[in-house]
file entry.txt (compact mmCIF, C-alpha atoms)
# COMPACT_ATOMS: atom_id res chain seq x y z
CA MET A 1 -0.16 10.33 -63.39
CA SER A 2 -1.33 6.75 -63.65
CA VAL A 3 -4.90 5.72 -64.45
CA ARG A 4 -5.32 4.45 -60.88
CA GLU A 5 -4.20 7.79 -59.40
CA SER A 6 -6.45 9.67 -61.80
CA LEU A 7 -9.48 7.58 -60.79
CA ILE A 8 -8.72 8.02 -57.10
CA ASP A 9 -8.36 11.78 -57.59
CA ARG A 10 -11.72 12.01 -59.34
CA TRP A 11 -13.38 9.79 -56.74
CA SER A 12 -11.90 11.77 -53.84
CA GLU A 13 -13.04 15.10 -55.26
CA ALA A 14 -16.69 14.10 -55.81
CA VAL A 15 -18.35 12.41 -52.85
CA TRP A 16 -21.53 11.80 -54.89
CA TRP A 17 -19.69 9.01 -56.75
CA ASP A 18 -20.20 6.86 -53.66
CA TYR A 19 -23.98 6.97 -54.17
CA VAL A 20 -23.60 6.14 -57.87
CA ILE A 21 -21.32 3.19 -57.12
CA ALA A 22 -23.66 1.88 -54.40
CA PHE A 23 -26.67 2.29 -56.70
CA LEU A 24 -24.91 0.42 -59.52
CA LEU A 25 -23.90 -2.42 -57.18
CA VAL A 26 -27.44 -2.92 -55.89
CA SER A 27 -29.04 -2.42 -59.32
CA GLY A 28 -26.72 -5.04 -60.77
CA HIS A 29 -27.62 -7.45 -58.00
CA VAL A 30 -31.38 -6.83 -58.34
CA ALA A 31 -31.16 -7.27 -62.12
CA ALA A 32 -29.21 -10.53 -61.71
CA VAL A 33 -31.74 -11.84 -59.16
CA ARG A 34 -34.72 -10.89 -61.35
CA ALA A 35 -33.15 -12.38 -64.48
CA SER A 36 -31.86 -15.62 -62.97
CA GLY A 37 -34.11 -16.13 -59.97
CA HIS A 38 -31.01 -16.95 -57.90
CA GLY A 39 -28.67 -15.04 -55.62
CA ASP A 40 -31.18 -13.26 -53.37
CA TRP A 41 -29.27 -14.21 -50.25
CA LEU A 42 -31.44 -12.22 -47.83
CA ALA A 43 -34.59 -14.03 -48.99
CA TRP A 44 -33.05 -17.27 -47.76
CA ILE A 45 -33.32 -16.27 -44.09
CA ASP A 46 -36.45 -15.74 -42.01
CA SER A 47 -37.97 -12.30 -41.57
CA GLU A 48 -37.08 -12.26 -37.85
CA GLN A 49 -33.44 -12.91 -38.66
CA ARG A 50 -33.42 -10.21 -41.34
CA VAL A 51 -34.94 -7.67 -38.96
CA SER A 52 -32.31 -8.57 -36.36
CA LEU A 53 -29.59 -8.22 -39.01
CA TYR A 54 -30.85 -4.76 -40.01
CA GLY A 55 -30.77 -3.51 -36.42
CA THR A 56 -27.35 -5.00 -35.76
CA ALA A 57 -25.96 -3.43 -38.92
CA ALA A 58 -27.32 -0.01 -37.91
CA GLY A 59 -25.55 -0.37 -34.55
CA VAL A 60 -22.26 -1.43 -36.11
CA VAL A 61 -22.32 1.42 -38.65
CA SER A 62 -23.07 3.91 -35.86
CA ALA A 63 -20.14 2.60 -33.82
CA ILE A 64 -17.77 2.80 -36.80
CA GLY A 65 -19.02 6.33 -37.54
CA GLY A 66 -18.36 7.37 -33.95
CA LEU A 67 -14.89 5.88 -33.96
CA SER A 68 -14.07 7.57 -37.25
CA SER A 69 -15.07 10.91 -35.72
CA ILE A 70 -12.57 10.33 -32.95
CA ALA A 71 -9.88 9.37 -35.45
CA ILE A 72 -10.62 12.50 -37.47
CA SER A 73 -10.13 14.74 -34.47
CA ILE A 74 -6.90 13.02 -33.44
CA TYR A 75 -5.27 13.31 -36.84
CA LEU A 76 -6.49 16.83 -37.48
CA SER A 77 -5.04 17.97 -34.18
CA SER A 78 -1.51 17.21 -35.40
CA ASN A 79 0.48 20.27 -36.35
CA GLY A 80 3.22 19.12 -38.69
CA GLU A 81 4.34 21.37 -41.50
CA ARG A 82 3.00 19.15 -44.29
CA LEU A 83 -0.31 18.55 -42.50
CA GLN A 84 -0.78 22.28 -42.06
CA ALA A 85 -0.10 22.77 -45.78
CA VAL A 86 -2.66 20.08 -46.66
CA ARG A 87 -5.23 21.77 -44.41
CA ARG A 88 -4.43 25.18 -45.88
CA HIS A 89 -4.61 24.14 -49.54
CA TYR A 90 -7.28 21.42 -49.42
CA GLN A 91 -9.53 22.57 -46.61
CA ARG A 92 -12.68 22.55 -48.75
CA GLU A 93 -12.04 19.04 -50.08
CA LEU A 94 -11.15 17.67 -46.66
CA ARG A 95 -14.23 19.22 -45.07
CA ARG A 96 -16.44 17.83 -47.84
CA ASN A 97 -15.00 14.32 -47.43
CA TRP A 98 -15.23 14.28 -43.63
CA LYS A 99 -18.74 15.67 -43.71
CA ALA A 100 -19.78 13.12 -46.34
CA LEU A 101 -18.52 10.31 -44.10
CA LEU A 102 -20.55 11.55 -41.15
CA VAL A 103 -23.68 12.18 -43.24
CA ALA A 104 -23.39 8.70 -44.75
CA THR A 105 -23.37 7.18 -41.27
CA ALA A 106 -26.77 8.75 -40.63
CA VAL A 107 -28.14 7.83 -44.08
CA ILE A 108 -26.99 4.22 -43.73
CA CYS A 109 -28.51 3.89 -40.26
CA VAL A 110 -31.81 5.37 -41.48
CA GLY A 111 -31.76 2.90 -44.40
CA CYS A 112 -31.19 -0.02 -42.03
CA LEU A 113 -33.95 1.14 -39.70
CA ALA A 114 -36.32 1.72 -42.63
CA ALA A 115 -35.64 -1.83 -43.84
CA GLN A 116 -36.24 -3.07 -40.31
CA GLY A 117 -39.61 -1.31 -40.20
CA LEU A 118 -40.71 -2.35 -43.69
CA ASP A 119 -39.73 -6.02 -43.60
CA ASN A 120 -42.46 -8.57 -42.96
CA LYS A 121 -42.90 -12.30 -43.52
CA THR A 122 -43.51 -11.92 -47.25
CA ASP A 123 -41.24 -8.84 -47.67
CA THR A 124 -43.81 -7.15 -49.88
CA HIS A 125 -41.80 -3.91 -49.81
CA SER A 126 -38.47 -5.50 -50.82
CA ALA A 127 -36.96 -4.07 -47.65
CA ARG A 128 -33.97 -6.34 -48.09
CA TYR A 129 -32.90 -4.25 -51.10
CA VAL A 130 -33.12 -1.08 -49.03
CA PHE A 131 -30.78 -2.82 -46.61
CA GLU A 132 -28.50 -3.93 -49.45
CA ALA A 133 -28.34 -0.37 -50.76
CA SER A 134 -27.43 0.84 -47.28
CA MET A 135 -24.70 -1.77 -46.96
CA ALA A 136 -23.35 -0.99 -50.44
CA LEU A 137 -23.10 2.68 -49.46
CA ALA A 138 -21.49 1.65 -46.17
CA LEU A 139 -18.88 -0.37 -48.05
CA VAL A 140 -18.01 2.45 -50.44
CA ARG A 141 -17.91 5.07 -47.67
CA PHE A 142 -15.81 2.76 -45.51
CA LEU A 143 -13.30 2.55 -48.37
CA ARG A 144 -13.35 6.36 -48.57
CA MET A 145 -12.74 6.61 -44.83
CA LEU A 146 -9.82 4.18 -45.01
CA TRP A 147 -8.32 6.06 -47.95
CA LEU A 148 -8.70 9.42 -46.21
CA LEU A 149 -7.32 8.22 -42.88
CA ASP A 150 -4.42 6.48 -44.61
CA SER A 151 -3.60 9.62 -46.59
CA MET A 152 -3.73 11.83 -43.51
CA MET A 153 -1.65 9.36 -41.48
CA ALA A 154 0.96 9.19 -44.25
CA VAL A 155 1.32 12.97 -44.24
CA ASN A 156 1.43 13.05 -40.44
CA ASP A 157 3.98 10.22 -40.33
CA ARG A 158 6.26 12.06 -42.74
CA ASP A 159 6.01 15.17 -40.58
CA GLN A 160 6.82 13.18 -37.44
CA SER A 161 9.71 11.23 -38.97
CA ASP A 162 11.60 14.23 -40.37
CA PRO A 163 14.77 15.04 -38.48
CA PRO A 164 14.46 18.20 -36.43
CA ALA A 165 15.32 21.41 -38.24
CA PRO A 166 18.73 22.85 -37.40
CA PRO A 167 18.52 25.57 -34.77
CA VAL A 168 18.18 29.06 -36.13
CA PRO A 169 21.05 31.24 -34.96
CA ARG A 170 19.99 33.85 -32.48
CA PHE A 171 19.99 37.39 -33.68
CA ASP A 172 22.39 39.55 -31.74
CA PRO A 173 21.18 43.16 -31.86
CA GLY A 174 24.68 44.47 -31.05
CA TRP A 175 26.40 42.90 -34.08
CA ARG A 176 26.20 46.06 -36.11
CA GLN A 177 27.81 48.16 -33.37
CA ARG A 178 30.65 45.63 -32.88
CA ARG A 179 31.25 45.58 -36.63
CA ARG A 180 31.73 49.36 -36.66
CA ASN A 181 33.90 49.29 -33.58
CA PRO A 182 35.94 46.05 -33.75
CA THR A 183 37.88 46.76 -30.57
CA GLY A 184 35.16 46.69 -28.14

call {"tool": "encode", "arguments": {"input": "entry.txt", "output": "structure tokens"}}
result
Amino acid sequence: MSVRESLIDRWSEAVWWDYVIAFLLVSGHVAAVRASGHGDWLAWIDSEQRVSLYGTAAGVVSAIGGLSSIAISIYLSSNGERLQAVRRHYQRELRRNWKALLVATAVICVGCLAAQGLDNKTDTHSARYVFEASMALALVRFLRMLWLLDSMMAVNDRDQSDPPAPPVPRFDPGWRQRRRNPTG
């Protein structure tokens, strides 16, 4: 197994890594802004524009979350042999990942709305960093959603592209009798 595959396996098995990655991204940005005094891109725009951005982002994340729920149900309704095996052997992991995606949608929207409520002309509460943290989590969870959907689609596509199985011969209940009595 390659290093890339190993990292993806570890990331896919522990949904809490998404929070760690998002926290590290925002912490790195805050530290860079505090150290250099540059790069605080949300401070460059007016408070009214930031508040509008926060609300718009909450709406977009909600829409993507809703669409991902529909995609989940469509791909989980497939009944190919491989997909059934994945569901049978990895049901706990799949459930944890799907649930984490849906929970993150709510957490991200709450973060955007909290930033919207806390932001003011001077941004005394640093609401823009709450928004940045929400967007960092949204980015990481979006990557998780893409990975999960791609993986499920790949399994489903393989199931759908297999040639049909050869027909199973019908069982003739009278074969034993004909074998004993070959004349009739």

call {"tool": "residues_around", "arguments": {"input": "entry.txt", "residues": "Gly111 (chain A)", "least_positions_apart": "6", "cutoff": "7 Å", "atoms": "only C-alpha atoms", "output": "PyMOL selection string"}}
result
chain A and resi 130-131+134

call {"tool": "closest_residue", "arguments": {"input": "entry.txt", "among": "A:Asp159, A:Asp150, A:Glu132, A:Asp172", "to": "His29 (chain A)", "atoms": "all atoms listed in the file"}}
result
A:Glu132

call {"tool": "closest_atom_pairs", "arguments": {"input": "entry.txt", "of": "region 88-125 of chain A", "to": "region 48-70 of chain A", "cutoff": "9 Å", "atoms": "all atoms listed in the file", "output": "tab-separated table"}}
result
residue	atom	partner	partner_atom	distance
A:Trp98	CA	A:Ser69	CA	8.6
A:Leu101	CA	A:Gly65	CA	7.7
A:Leu102	CA	A:Gly65	CA	6.5
A:Ala104	CA	A:Gly65	CA	8.8
A:Thr105	CA	A:Gly65	CA	5.8
A:Ala106	CA	A:Ser62	CA	7.7
A:Ile108	CA	A:Ala58	CA	7.2
A:Cys109	CA	A:Ala58	CA	4.7
A:Val110	CA	A:Ala58	CA	7.9
A:Gly111	CA	A:Ala58	CA	8.4
A:Cys112	CA	A:Tyr54	CA	5.2
A:Leu113	CA	A:Gly55	CA	6.5
A:Ala114	CA	A:Tyr54	CA	8.9
A:Ala115	CA	A:Tyr54	CA	6.8
A:Gln116	CA	A:Val51	CA	5.0
A:Gly117	CA	A:Val51	CA	8.0
A:Asp119	CA	A:Val51	CA	6.9
A:Asn120	CA	A:Glu48	CA	8.3
A:Lys121	CA	A:Glu48	CA	8.1

call {"tool": "write_last_selection", "arguments": {"input": "entry.txt", "atoms": "C-alpha atoms", "output": "compact mmCIF listing (two decimals), keeping the file's coordinate frame"}}
result
# COMPACT_ATOMS: atom_id res chain seq x y z
CA TRP A 98 -15.23 14.28 -43.63
CA LEU A 101 -18.52 10.31 -44.10
CA LEU A 102 -20.55 11.55 -41.15
CA ALA A 104 -23.39 8.70 -44.75
CA THR A 105 -23.37 7.18 -41.27
CA ALA A 106 -26.77 8.75 -40.63
CA ILE A 108 -26.99 4.22 -43.73
CA CYS A 109 -28.51 3.89 -40.26
CA VAL A 110 -31.81 5.37 -41.48
CA GLY A 111 -31.76 2.90 -44.40
CA CYS A 112 -31.19 -0.02 -42.03
CA LEU A 113 -33.95 1.14 -39.70
CA ALA A 114 -36.32 1.72 -42.63
CA ALA A 115 -35.64 -1.83 -43.84
CA GLN A 116 -36.24 -3.07 -40.31
CA GLY A 117 -39.61 -1.31 -40.20
CA ASP A 119 -39.73 -6.02 -43.60
CA ASN A 120 -42.46 -8.57 -42.96
CA LYS A 121 -42.90 -12.30 -43.52

call {"tool": "atom_distance", "arguments": {"input": "entry.txt", "atom1": "CA of Met1 (chain A)", "atom2": "CA of Met152 (chain A)"}}
result
20.3 Å

call {"tool": "atom_distance", "arguments": {"input": "entry.txt", "atom1": "CA of Asn97 (chain A)", "atom2": "CA of Arg128 (chain A)"}}
result
28.1 Å

call {"tool": "atom_distance", "arguments": {"input": "entry.txt", "atom1": "CA of Ala127 (chain A)", "atom2": "CA of Trp41 (chain A)"}}
result
13.0 Å

call {"tool": "closest_residue", "arguments": {"input": "entry.txt", "among": "A:Asp18, A:Arg96, A:Ala71, A:Thr124", "to": "Leu149 (chain A)", "atoms": "all atoms listed in the file"}}
result
A:Ala71

call {"tool": "closest_residue", "arguments": {"input": "entry.txt", "among": "A:Ile72, A:Ser2, A:Asn156, A:Leu25", "to": "Arg95 (chain A)", "atoms": "all atoms listed in the file"}}
result
A:Ile72

call {"tool": "closest_residue", "arguments": {"input": "entry.txt", "among": "A:Arg179, A:Arg10, A:Arg4, A:His125", "to": "Glu93 (chain A)", "atoms": "all atoms listed in the file"}}
result
A:Arg10
